[in-house]
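Each remark here refers to the structure printed beneath this line.
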Amino acid sequence: MSLHFGLSESQQLYREQIRRFAKQELAPRRQHWDQQRERPVEMVRKALDAGLLDIEMTHVMRGIMMEEVGSADFNCALPFLVTTEPFELNRLDGVPDEVRNPIRQLVREGRTIIAVGFTEPSSGTDVANFQSTATLDGDEWVINAVKNSISWADAEYFTITCRTEARDQKIWSLSNFLVPRDTEGVHAPRIWDDMGSHGAERGEVRFEDVRVPKDYLIGERGKAYAQMAQLFDTNRAYIGLKCIGAAQASVDETCEFARNRKVMGNSISTYQGVSFPMVEAETQLEAARLLCYKTLWLADQNLPNSKEGGMCKWWVPELTFEIVRQCLTLHGHYGYSSELPFEQRLRDILGWQIGDGTSQVSKLIVARSMFGRENTA
Ligand SMILES: Cc1cc2nc3c(=O)[nH]c(=O)nc-3n(C[C@H](O)[C@H](O)[C@H](O)COP(=O)(O)OP(=O)(O)OC[C@H]3O[C@@H](n4cnc5c(N)ncnc54)[C@H](O)[C@@H]3O)c2cc1C
């Protein structure tokens, strides 16, 4: 068995390029996107122009991008990721080329977004209980759905998950559809007032007797759950890496502060009550980073990675939230101000203890692989 933990030459070069870009272009505008609550389209365009985003990127390369961007501006990480088409669902397989190719081109150019409408008012985790339906009427699907908690609820396009098969087929009764926002019956979004992740405002969208052509079905009928699972497995490692980026930046900033801040005649870094939490954080971040990259490496090898994705998702947002909280308090009263980045990082990371599967549900995924599906809830 050969083990190799280093980055290849091209990965190392990419890390240096995206790090430089993130420090120069993103970090100075971090507060802007948080305060303006806008999709950072301008930064996506800049990253594209700099040749830093590409659909040919491997999952590991995208992971490097998420970590570096997360360290500079958490709100840019997700918009950067989606332009590289990381998920099967957003490639709109099955939809006719003349419809999907122009949309994909706009996404790659950072000029539009395809939002994912999965969660419903009465169920998020419990997908077998989704109420949204799509019924075939001649050459069209008629969709009736209420989807909420959609990141980018004001997007130009949606993929939405609806029941197309008998309810007793449970998770295999669901199918995904492409729905352009300007289709008749798509109501204006109700945008929520979220704590964080302001670059991707969440909200609710109602779809009332919306008619889309028969071939706006994405992939196969009844296979929505498998498509979503593919998205979730890798996305859980991407989420982990953007949280790690934010936490590592916090640790680095805290070490710098601790070297310079004098209390009772000494730099506070000389006090083990200050240095040991940072040592523990550095160690935990290294372990978490290895787990996330292993998950993405498995995806690049087309190997199963659900268990590892579940581990990333339950552990990393909880771990990094705690690390950032400690960094905030080690800055004393300065840390409590929104002029320093810690409070924003806490708000942003907290959302990802929930989004794309809560910690509890992510543990269930890991438990299933350990005890067998029949012996878990
Ligand atoms: C920042 C953010 C972005 C999001 N973006 C999107 C998006 O773009 N598109 C989209 O469709 N959705 C999105 N979501 C929604 C998200 O995916 C759901 O919130 C999540 O799947 C959980 O569903 P729920 O909120 O309905 O919780 P519920 O399923 O109602 O669960 C409520 C609580 O019960 C716990 N629980 C449930 N079942 C079990 C169990 N078996 N064992 C133990 N505990 C359990 C959960 O962990 C949770 O704490 C986003 C959410 C956030 C916070």
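The way I read the labels, and the way they are meant: chains A, B, ... in the order of the structure tokens, residue 1 as the first residue of every chain, and ligand 1 as the first ligand shown, with later ones counted on from there.
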
Per residue of chain A within 6 Å of ligand 1, note the shortest atom pair and the distance in Å to one decimal, counting only C-alpha atoms and all ligand atoms, and order the rows by chain and increasing residue number, as a tab-separated table.
residue	atom	partner	partner_atom_place_in_ligand_line	distance
A:Val116	CA	ligand 1	9 (N)	4.7
A:Gly117	CA	ligand 1	11 (O)	4.2
A:Phe118	CA	ligand 1	11 (O)	3.3
A:Thr119	CA	ligand 1	11 (O)	3.8
A:Ser123	CA	ligand 1	26 (O)	4.6
A:Gly124	CA	ligand 1	26 (O)	3.2
A:Thr125	CA	ligand 1	29 (O)	3.7
A:Asp126	CA	ligand 1	29 (O)	5.8
A:Ser149	CA	ligand 1	13 (C)	4.7
A:Ile150	CA	ligand 1	7 (C)	3.9
A:Ser151	CA	ligand 1	8 (O)	3.8
A:Gly351	CA	ligand 1	1 (C)	4.1
A:Trp352	CA	ligand 1	1 (C)	5.5
A:Ile354	CA	ligand 1	53 (C)	4.7
A:Gly355	CA	ligand 1	51 (C)	3.4
A:Asp356	CA	ligand 1	17 (O)	4.0
A:Gly357	CA	ligand 1	21 (O)	4.3
A:Thr358	CA	ligand 1	47 (O)	4.6
A:Gln360	CA	ligand 1	47 (O)	4.5
A:Val361	CA	ligand 1	47 (O)	5.4

Quick one: residues within 10 Å of A:Phe342, only C-alpha atoms counted, chain neighbours fewer than 3 positions away excluded, as an MDAnalysis selection string?
chainID A and resid 246:247 249:250 321 324:329 331 335:339 345:348

Could you save those same residues with N, CA and C atoms as a short mmCIF file (atom, residue, chain, number, x, y, z; two decimals), in the first residue's frame?
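Generated file (result_8.cif):
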data_model
loop_
_atom_site.label_atom_id
_atom_site.label_comp_id
_atom_site.auth_asym_id
_atom_site.auth_seq_id
_atom_site.Cartn_x
_atom_site.Cartn_y
_atom_site.Cartn_z
N ALA A 246 -11.81 28.91 7.21
CA ALA A 246 -12.18 30.01 8.13
C ALA A 246 -11.55 29.80 9.50
N ALA A 247 -11.52 28.56 9.97
CA ALA A 247 -10.96 28.29 11.31
C ALA A 247 -9.44 28.42 11.30
N ALA A 249 -7.66 30.36 9.37
CA ALA A 249 -7.36 31.80 9.34
C ALA A 249 -7.49 32.37 10.76
N SER A 250 -8.51 31.92 11.48
CA SER A 250 -8.73 32.42 12.85
C SER A 250 -7.57 32.03 13.76
N PHE A 321 -16.51 25.65 14.49
CA PHE A 321 -17.27 26.66 15.24
C PHE A 321 -16.60 26.87 16.60
N VAL A 324 -13.21 28.69 16.25
CA VAL A 324 -13.37 30.14 16.00
C VAL A 324 -13.85 30.84 17.28
N ARG A 325 -14.74 30.18 18.02
CA ARG A 325 -15.21 30.79 19.28
C ARG A 325 -14.04 31.03 20.24
N GLN A 326 -13.13 30.05 20.31
CA GLN A 326 -11.98 30.22 21.19
C GLN A 326 -11.08 31.35 20.69
N CYS A 327 -10.91 31.43 19.38
CA CYS A 327 -10.06 32.50 18.82
C CYS A 327 -10.66 33.86 19.15
N LEU A 328 -11.99 33.95 19.05
CA LEU A 328 -12.67 35.21 19.38
C LEU A 328 -12.35 35.62 20.82
N THR A 329 -12.51 34.69 21.75
CA THR A 329 -12.32 35.06 23.16
C THR A 329 -10.85 35.33 23.47
N HIS A 331 -8.93 36.95 21.72
CA HIS A 331 -8.68 38.34 21.33
C HIS A 331 -9.24 39.33 22.36
N GLY A 335 -12.18 40.88 20.11
CA GLY A 335 -12.78 39.77 19.37
C GLY A 335 -14.28 39.89 19.22
N TYR A 336 -14.91 40.61 20.14
CA TYR A 336 -16.38 40.71 20.16
C TYR A 336 -16.91 41.73 19.15
N SER A 337 -16.01 42.45 18.51
CA SER A 337 -16.44 43.47 17.56
C SER A 337 -16.58 42.88 16.16
N SER A 338 -17.55 43.41 15.40
CA SER A 338 -17.69 42.91 14.02
C SER A 338 -16.61 43.50 13.11
N GLU A 339 -15.74 44.35 13.66
CA GLU A 339 -14.60 44.81 12.85
C GLU A 339 -13.59 43.68 12.65
N ARG A 345 -17.59 34.75 11.00
CA ARG A 345 -17.25 33.34 10.75
C ARG A 345 -18.14 32.42 11.58
N LEU A 346 -18.42 32.80 12.83
CA LEU A 346 -19.30 31.97 13.66
C LEU A 346 -20.68 31.86 13.04
N ARG A 347 -21.22 32.99 12.58
CA ARG A 347 -22.57 32.98 11.97
C ARG A 347 -22.58 32.12 10.72
N ASP A 348 -21.53 32.27 9.91
CA ASP A 348 -21.50 31.54 8.64
C ASP A 348 -21.34 30.03 8.86
#

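Those residues that approach A:Cys162 to within 8 Å, counting only C-alpha atoms, are Phe130, Gln131, Ser132, Thr133, Ala134, Ile143, Ala145, Leu174, Ser175, Asn176 and Phe177 of chain A; same-chain residues fewer than 5 positions away are not listed.
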
Of the listed residues A:Ala166, A:Val41, A:Glu68, A:Ser2, that which approaches A:Arg19 most closely, counting only C-alpha atoms:
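The shortest atom-to-atom distance to A:Arg19 comes from A:Glu68.
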
Select from stretch 20-183 of chain A everything DSSP, run on the backbone, classes as strand (DSSP E), then give the selection as a VMD selection string.
chain A and resid 114 to 117 133 to 137 140 to 151 157 to 163 174 to 180

Same residues, C-alpha atoms, saved as a short mmCIF file (atom, residue, chain, number, x, y, z; two decimals), in the first residue's frame:
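Written file, result-v9.cif:
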data_model
loop_
_atom_site.label_atom_id
_atom_site.label_comp_id
_atom_site.auth_asym_id
_atom_site.auth_seq_id
_atom_site.Cartn_x
_atom_site.Cartn_y
_atom_site.Cartn_z
CA ILE A 114 -29.30 27.04 -10.57
CA ALA A 115 -30.67 26.85 -7.04
CA VAL A 116 -31.50 23.52 -5.42
CA GLY A 117 -35.10 23.29 -4.16
CA THR A 133 -45.90 16.60 -6.83
CA ALA A 134 -45.30 16.49 -10.56
CA THR A 135 -47.87 14.79 -12.77
CA LEU A 136 -47.57 14.09 -16.45
CA ASP A 137 -50.23 15.75 -18.62
CA GLU A 140 -45.85 18.43 -19.94
CA TRP A 141 -45.24 17.96 -16.24
CA VAL A 142 -47.58 19.89 -13.97
CA ILE A 143 -45.74 20.84 -10.80
CA ASN A 144 -47.25 21.88 -7.48
CA ALA A 145 -44.67 22.49 -4.82
CA VAL A 146 -43.58 24.69 -1.96
CA LYS A 147 -39.85 24.62 -1.47
CA ASN A 148 -38.16 26.52 1.30
CA SER A 149 -34.75 27.08 2.79
CA ILE A 150 -33.44 27.41 -0.79
CA SER A 151 -30.02 29.08 -0.96
CA TYR A 157 -33.25 28.55 -12.45
CA PHE A 158 -34.23 25.84 -9.99
CA THR A 159 -33.89 22.12 -9.76
CA ILE A 160 -36.80 20.94 -7.68
CA THR A 161 -37.60 17.54 -6.22
CA CYS A 162 -41.17 16.28 -6.57
CA ARG A 163 -43.10 13.04 -6.17
CA LEU A 174 -39.05 11.33 -6.23
CA SER A 175 -37.74 12.95 -9.42
CA ASN A 176 -35.85 16.16 -10.13
CA PHE A 177 -36.95 18.84 -12.58
CA LEU A 178 -35.49 21.93 -14.15
CA VAL A 179 -37.76 24.93 -13.63
CA PRO A 180 -36.79 28.37 -15.02
#

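Taking the backbone of this structure through DSSP, the residues of stretch 110-239 of chain A that come out as helix (DSSP H, G or I) are Val127, Ala128, Asn129, Arg167, Asp168, Gln169, Lys170, Ile171, Trp172, Ser173, Lys214, Asp215, Tyr216, Ala224, Tyr225, Ala226, Gln227, Met228, Ala229, Gln230, Leu231, Phe232, Asp233, Thr234, Asn235, Arg236, Ala237, Tyr238 and Ile239 of chain A.
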
Stretch 288-304 of chain A surroundings by only C-alpha atoms, 6 Å radius, close-in-sequence under 2 positions cut, as a PyMOL selection string:
chain A and resi 59-60+237+285-286+308

Any idea what's packed within 9 Å of A:Pro86, counting only C-alpha atoms, ignoring anything in its chain fewer than 3 positions away? Could you give it as a list in words?
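Neighbouring residues, sequence-local ones excluded: Ile55, Met57, Thr58, His59, Arg62, Leu81, Val82, Thr83, Leu89, Asn90, Arg91, Leu231, Thr234 and Asn235 of chain A.
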
Interatomic distance, atom CA of A:Asp233 to atom CA of A:Ala27 (Å, one decimal):
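The value is 28.5 Å.
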
Selected residue of minimal separation from A:Asp182 among A:Arg167, A:Arg111, A:Arg261, A:Arg211, counting only C-alpha atoms:
A:Arg211

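Residues with any atom within 9 Å of A:His198, counting only C-alpha atoms and excluding same-chain neighbours fewer than 5 positions away, are A:Trp33, A:Asp34, A:Gln35, A:Gln36, A:Arg37, A:Glu38, A:Arg39, A:Asn75, A:Asp348.
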
Using only C-alpha atoms, please write the residues we just selected to a file, as a JSON list (two decimals), in the first residue's frame.
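again26.json was written with the following content:
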[["chain", "number", "residue", "atom", "x", "y", "z"],
["A", 33, "TRP", "CA", -20.85, 40.87, 0.87],
["A", 34, "ASP", "CA", -21.92, 40.10, 4.41],
["A", 35, "GLN", "CA", -23.42, 43.55, 4.89],
["A", 36, "GLN", "CA", -24.86, 43.98, 1.38],
["A", 37, "ARG", "CA", -26.35, 40.45, 1.34],
["A", 38, "GLU", "CA", -25.57, 40.13, -2.35],
["A", 39, "ARG", "CA", -24.41, 37.25, -4.46],
["A", 75, "ASN", "CA", -19.50, 33.93, 1.25],
["A", 348, "ASP", "CA", -21.50, 31.54, 8.64]]

May I ask which of the residues A:Gly63, A:Asp154, A:Ser173, A:Lys363 is the closest one to A:Ala188, counting only C-alpha atoms?
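Selected residue with least distance to A:Ala188: A:Asp154.
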
Report the distance between atom CA of A:Gly310 and atom CA of A:Ala367 in Å, rounded to one decimal place.
9.3 Å

Quick one: everything within 9 Å of A:Met43, counting only C-alpha atoms, minus sequence neighbours fewer than 4 positions away in the same chain. Send it as a PDB file with N, CA and C atoms, in the first residue's frame.
ATOM      1  N   GLU A  25      -7.898  39.845  -3.327  1.00  0.00           N
ATOM      2  CA  GLU A  25      -9.190  40.281  -3.875  1.00  0.00           C
ATOM      3  C   GLU A  25     -10.370  40.042  -2.931  1.00  0.00           C
ATOM      4  N   LEU A  26     -10.348  38.912  -2.218  1.00  0.00           N
ATOM      5  CA  LEU A  26     -11.545  38.552  -1.447  1.00  0.00           C
ATOM      6  C   LEU A  26     -11.530  39.106  -0.027  1.00  0.00           C
ATOM      7  N   ALA A  47     -12.499  35.811 -10.569  1.00  0.00           N
ATOM      8  CA  ALA A  47     -11.829  34.505 -10.427  1.00  0.00           C
ATOM      9  C   ALA A  47     -11.833  33.776 -11.772  1.00  0.00           C
ATOM     10  N   LEU A  48     -12.931  33.910 -12.516  1.00  0.00           N
ATOM     11  CA  LEU A  48     -12.992  33.279 -13.844  1.00  0.00           C
ATOM     12  C   LEU A  48     -11.964  33.915 -14.770  1.00  0.00           C
ATOM     13  N   CYS A  76     -17.906  33.719  -0.583  1.00  0.00           N
ATOM     14  CA  CYS A  76     -17.549  33.509  -1.996  1.00  0.00           C
ATOM     15  C   CYS A  76     -17.369  32.024  -2.319  1.00  0.00           C
ATOM     16  N   PHE A  80     -18.322  30.279  -6.031  1.00  0.00           N
ATOM     17  CA  PHE A  80     -17.167  29.840  -6.833  1.00  0.00           C
ATOM     18  C   PHE A  80     -17.336  28.358  -7.188  1.00  0.00           C
TER      19      PHE A  80
END

For A:Thr254, the closest of A:Asn305, A:Gly199, A:Glu208, A:Pro341 counting only C-alpha atoms is A:Pro341

Which one is closest to A:Ile244: A:Val127, A:Leu319, A:Leu340, A:Ala77? Count only C-alpha atoms.
A:Leu319

Nearest-residue call for A:Ala22, choices A:Lys46, A:Lys313, A:Arg100, A:Lys262, using only C-alpha atoms:
A:Lys46
